[in-house]
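Structure first, then comments.
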Amino acid sequence: MKLFRVFRPILSTHRKFSIKVQGQPISLTNSRLPNPDYDFEYLCNPSNRNEIFENIRKRKSQGDIDKVLELSQSPELRDTFLAEINTIPNHTAEEVMEYGENPQVIRVYGKKAELNFECKRLSELAKHLQLMKTDRLGPLTGQKSYILLTDLADMEQALVQYSVDKLIKNNFKLVSVPDIISSEIIKRCGLISKADRTLVYCLDSQYGENVSLSGTAEMSMAQMLMNTEFTRQEIPLKLAAVSRCYRAETSTLYEERGIYRVHQFTKVEMFVCCEPEESSEFLHKIQEIQENLFSNLDLHFKVLDMPPHELGASAYRKMDIEGWMPGRKQFGELSSCSNCTDYQSRRLNIKYRSRSGKLLHVHTLNGTACAIPRMLIAICETHQTKDGDIKVPKKLIPYMQGKTLITKQSAANMKPHKLQQNI
């Protein structure tokens with residue numbers, strides 16, 4: 001195995017600082033990016049080639065294990081080798097490998113609302129009640145943007161606080177993280193671009209060297225823990241963050257008009273670091289929290305165990321929740337949670353000291369507690385009335401100053417005006 005030592009990264013020591021979780025300080029390292037610690041002994045072993053190839057094939061990944069094996073014999077091509085090995089996706093849960101193309105329905109909550117009138121889409125409800133603006137925002141915020149008004153803006157804040165309160169009760173610690181992060185962190189967390197198409201908003205170099213707008217707080221929380229060595233007493237570590245998410249998504253589908261697929265939105269995110277033998281259990285715990293959050297809002301939804309090609313590069317297993325949106329007359333994704341095992345921790349040098357004293361990589365997990373736009377669609381369309389008003393779910397009433405019904409609002413005139421150029 002001398003070959004693997006050629007590529008084994010050397011991790012430097014860096015200055016540390018502390019945060020407190022459950023009253024105890026946790027040492028975090030404030031440092032430059034570490035060298036990724038890939039599992040060279042597995043990935044560069046020719047006897048594992050067929051297993052890795054099949055995993056790549058079922059996940060429809062761009063990785064090329066044959067090229068990795070070829071480059072592993074040429075130490076002089078180290079940089080090319082490391083770039084290629086980074087495209088190999090995580091392992092896939094054994095049972096998931098047998099799913100084929102379709103997700104498995106694990107559970108179904110509630111049932112479709114039985115309404116004696118034609119359901120409206122959120123865009124129609126919002127126009128009637130003067131709750132939102134999405135048209136002609138180009139000069140202000142660009143395409144696929146939105147402005148929430150009055151009670152719908154209140155509902156956004158109510159959903160955030162409702163979700164945060166639930167997470168705190170489940171012993172998550174709230175942190176505030178930046179929305180501008182290193183582009184390399186995004187890549188190491190598992191968002192691998194294909195050709196010239198990317199979901200990432202990269203900032204011009206004049207604003208910083210290789211920085212981008214974050215697509216989810218998961219990446220910022222992972223960056224915060226980079227180069228950290230935990231004791232066994234410090235994990236599991238459960239963090240939550242509220243952030244804006246930026247995604248350069250495009251879609252011409254009618255079903256995804258309005259605020260279903262947008263370029264920026266508010267999201268409450270969960271992030272967990274734990275011992276490897278605990279990660280499968282934590283995936284189910286995160287999923288249970290999501291189910292409780294949504295069922296308490298009287299939503300109809302189904303829980304899905306996603307097939308290999310839906311996992312992305314970092315996930316070992318991913319569970320999605322799709323909620324019924326009566327106005328759209330179809331289910332739409334509300335949240336997901338993923339077990340990334342040691343994919344991210346190997347790339348960001350996040351470790352813990354085991355019972356035996358051995359230094360091992362933690363397993364990381366992430367999950368959406370609340371993605372505002374789609375939650376608003378599901379709630380408003382589910383709880384609409386025949387008159388076009390919206391009933392506030394009972395759990396949100398205390399967060400909306402006791403309001404039980406959203407009716408037509410008094411909003412400022414927002415008619416578009418043509419901009420005239422100065423001559």
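In the structure tokens, chains take the letters A, B, ... in the order shown, each chain's residues start at 1, and ligands count up from 1 in the order shown.
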Within 8 Å of segment 388-408 of chain A: each segment 284-325 of chain A residue with its shortest pair, only C-alpha atoms, as CSV:
residue,atom,partner,partner_atom,distance
A:Asn296,CA,A:Lys395,CA,6.8
A:Leu297,CA,A:Pro393,CA,5.6
A:Asp298,CA,A:Pro393,CA,7.1
Dump of C-alpha atoms for the selected residues, as an mmCIF file, in the first residue's frame:
data_model
loop_
_atom_site.group_PDB
_atom_site.id
_atom_site.type_symbol
_atom_site.label_atom_id
_atom_site.label_comp_id
_atom_site.auth_asym_id
_atom_site.auth_seq_id
_atom_site.Cartn_x
_atom_site.Cartn_y
_atom_site.Cartn_z
ATOM 1 C CA ASN A 296 -49.154 19.551 13.256
ATOM 2 C CA LEU A 297 -49.949 21.995 10.454
ATOM 3 C CA ASP A 298 -52.674 19.624 9.209
#
Can you pull out every residue within 8 Å of segment 219-235 of chain A, counting only C-alpha atoms, but drop anything in the same chain fewer than 4 positions away, and send it as a PyMOL selection string?
chain A and resi 26-31+33-34+177-179+181+185-186+189+214-215+239+271+273-275+344-345+348-355
Output N, CA, C and O atoms for every residue in that selection, as a compact mmCIF listing (two decimals), in the first residue's frame.
# COMPACT_ATOMS: atom_id res chain seq x y z
N ILE A 26 -16.74 23.84 23.02
CA ILE A 26 -16.30 22.94 21.97
C ILE A 26 -15.19 23.64 21.20
O ILE A 26 -15.35 24.78 20.76
N SER A 27 -14.07 22.98 21.05
CA SER A 27 -12.94 23.58 20.35
C SER A 27 -13.14 23.46 18.84
O SER A 27 -13.29 22.37 18.31
N LEU A 28 -13.17 24.60 18.17
CA LEU A 28 -13.28 24.64 16.73
C LEU A 28 -12.00 25.25 16.17
O LEU A 28 -11.35 26.05 16.83
N THR A 29 -11.66 24.88 14.96
CA THR A 29 -10.43 25.38 14.38
C THR A 29 -10.74 26.43 13.32
O THR A 29 -11.49 26.17 12.40
N ASN A 30 -10.17 27.60 13.48
CA ASN A 30 -10.33 28.69 12.52
C ASN A 30 -9.13 28.64 11.59
O ASN A 30 -8.05 29.09 11.94
N SER A 31 -9.29 28.07 10.39
CA SER A 31 -8.12 27.79 9.59
C SER A 31 -8.42 27.74 8.12
O SER A 31 -9.56 27.86 7.69
N LEU A 33 -8.49 25.76 4.36
CA LEU A 33 -9.06 24.48 3.95
C LEU A 33 -8.04 23.36 4.12
O LEU A 33 -6.88 23.50 3.74
N PRO A 34 -8.49 22.23 4.69
CA PRO A 34 -7.59 21.08 4.83
C PRO A 34 -7.49 20.31 3.52
O PRO A 34 -8.31 20.50 2.61
N VAL A 177 -25.25 31.77 10.71
CA VAL A 177 -24.12 31.51 9.82
C VAL A 177 -24.17 32.45 8.61
O VAL A 177 -25.23 32.97 8.26
N PRO A 178 -23.03 32.65 7.94
CA PRO A 178 -22.99 33.56 6.79
C PRO A 178 -23.63 32.94 5.55
O PRO A 178 -23.69 31.72 5.41
N ASP A 179 -24.10 33.80 4.66
CA ASP A 179 -24.67 33.36 3.39
C ASP A 179 -23.64 33.45 2.26
O ASP A 179 -23.91 32.99 1.15
N ILE A 181 -19.97 32.14 1.33
CA ILE A 181 -18.98 31.17 1.80
C ILE A 181 -18.04 30.80 0.66
O ILE A 181 -18.26 31.15 -0.50
N ILE A 185 -15.93 25.07 -0.33
CA ILE A 185 -16.73 24.40 0.71
C ILE A 185 -17.98 23.80 0.08
O ILE A 185 -18.37 22.67 0.39
N ILE A 186 -18.62 24.55 -0.80
CA ILE A 186 -19.83 24.06 -1.48
C ILE A 186 -19.51 22.79 -2.25
O ILE A 186 -20.26 21.80 -2.21
N CYS A 189 -18.91 19.84 0.09
CA CYS A 189 -20.14 19.34 0.73
C CYS A 189 -20.95 18.46 -0.21
O CYS A 189 -21.92 17.83 0.21
N SER A 214 -24.45 30.99 -0.55
CA SER A 214 -24.75 29.65 -0.05
C SER A 214 -26.14 29.19 -0.50
O SER A 214 -27.10 29.95 -0.46
N GLY A 215 -26.23 27.91 -0.88
CA GLY A 215 -27.51 27.35 -1.28
C GLY A 215 -28.30 26.80 -0.11
O GLY A 215 -29.50 26.54 -0.22
N LEU A 239 -27.11 21.07 15.47
CA LEU A 239 -27.18 22.50 15.22
C LEU A 239 -28.35 22.83 14.30
O LEU A 239 -28.78 22.01 13.48
N PHE A 271 -28.48 20.31 11.20
CA PHE A 271 -27.18 19.71 10.87
C PHE A 271 -26.69 18.93 12.08
O PHE A 271 -26.71 19.45 13.20
N CYS A 273 -23.64 16.14 13.73
CA CYS A 273 -22.39 15.38 13.70
C CYS A 273 -22.52 14.29 14.76
O CYS A 273 -22.87 14.58 15.91
N CYS A 274 -22.23 13.05 14.38
CA CYS A 274 -22.38 11.95 15.33
C CYS A 274 -21.37 10.85 15.04
O CYS A 274 -20.66 10.89 14.03
N GLU A 275 -21.33 9.85 15.92
CA GLU A 275 -20.50 8.67 15.69
C GLU A 275 -21.09 7.85 14.54
O GLU A 275 -22.31 7.84 14.34
N GLN A 344 -18.58 14.27 3.84
CA GLN A 344 -18.22 15.66 4.09
C GLN A 344 -17.09 15.79 5.12
O GLN A 344 -16.19 16.63 4.97
N SER A 345 -17.13 14.95 6.15
CA SER A 345 -16.11 15.06 7.20
C SER A 345 -14.72 14.71 6.68
O SER A 345 -13.72 15.25 7.16
N LEU A 348 -13.55 17.87 4.95
CA LEU A 348 -13.44 19.07 5.78
C LEU A 348 -12.70 18.81 7.09
O LEU A 348 -12.62 19.70 7.95
N ASN A 349 -12.19 17.61 7.27
CA ASN A 349 -11.39 17.27 8.45
C ASN A 349 -12.17 17.50 9.75
O ASN A 349 -11.77 18.26 10.62
N ILE A 350 -13.30 16.81 9.87
CA ILE A 350 -14.11 16.86 11.09
C ILE A 350 -14.04 15.48 11.74
O ILE A 350 -14.53 14.50 11.16
N LYS A 351 -13.43 15.40 12.91
CA LYS A 351 -13.15 14.11 13.53
C LYS A 351 -13.57 14.09 15.00
O LYS A 351 -13.90 15.11 15.58
N TYR A 352 -13.51 12.87 15.57
CA TYR A 352 -13.77 12.71 16.99
C TYR A 352 -12.85 11.62 17.53
O TYR A 352 -12.34 10.77 16.78
N ARG A 353 -12.65 11.62 18.85
CA ARG A 353 -11.83 10.62 19.51
C ARG A 353 -12.74 9.49 20.00
O ARG A 353 -13.63 9.71 20.81
N SER A 354 -12.55 8.28 19.49
CA SER A 354 -13.42 7.16 19.82
C SER A 354 -13.13 6.62 21.22
O SER A 354 -12.19 7.05 21.89
N ARG A 355 -13.94 5.66 21.63
CA ARG A 355 -13.75 5.04 22.94
C ARG A 355 -12.35 4.45 23.09
O ARG A 355 -11.76 4.47 24.16
Would you list, as number ranges by chain, the residues of segment 83-231 of chain A that end up in helix (DSSP H, G or I) under DSSP run on this structure's backbone?
A: 83-85, 96-98, 122-129, 138-141, 150-169, 183-188, 205-207, 217-224
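For the pair atom CA of Ser183 of chain A and atom CA of Leu213 of chain A, the interatomic distance is 8.3 Å.
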Between atom CA of Lys238 of chain A and atom CA of Ser163 of chain A lies a distance of 14.6 Å
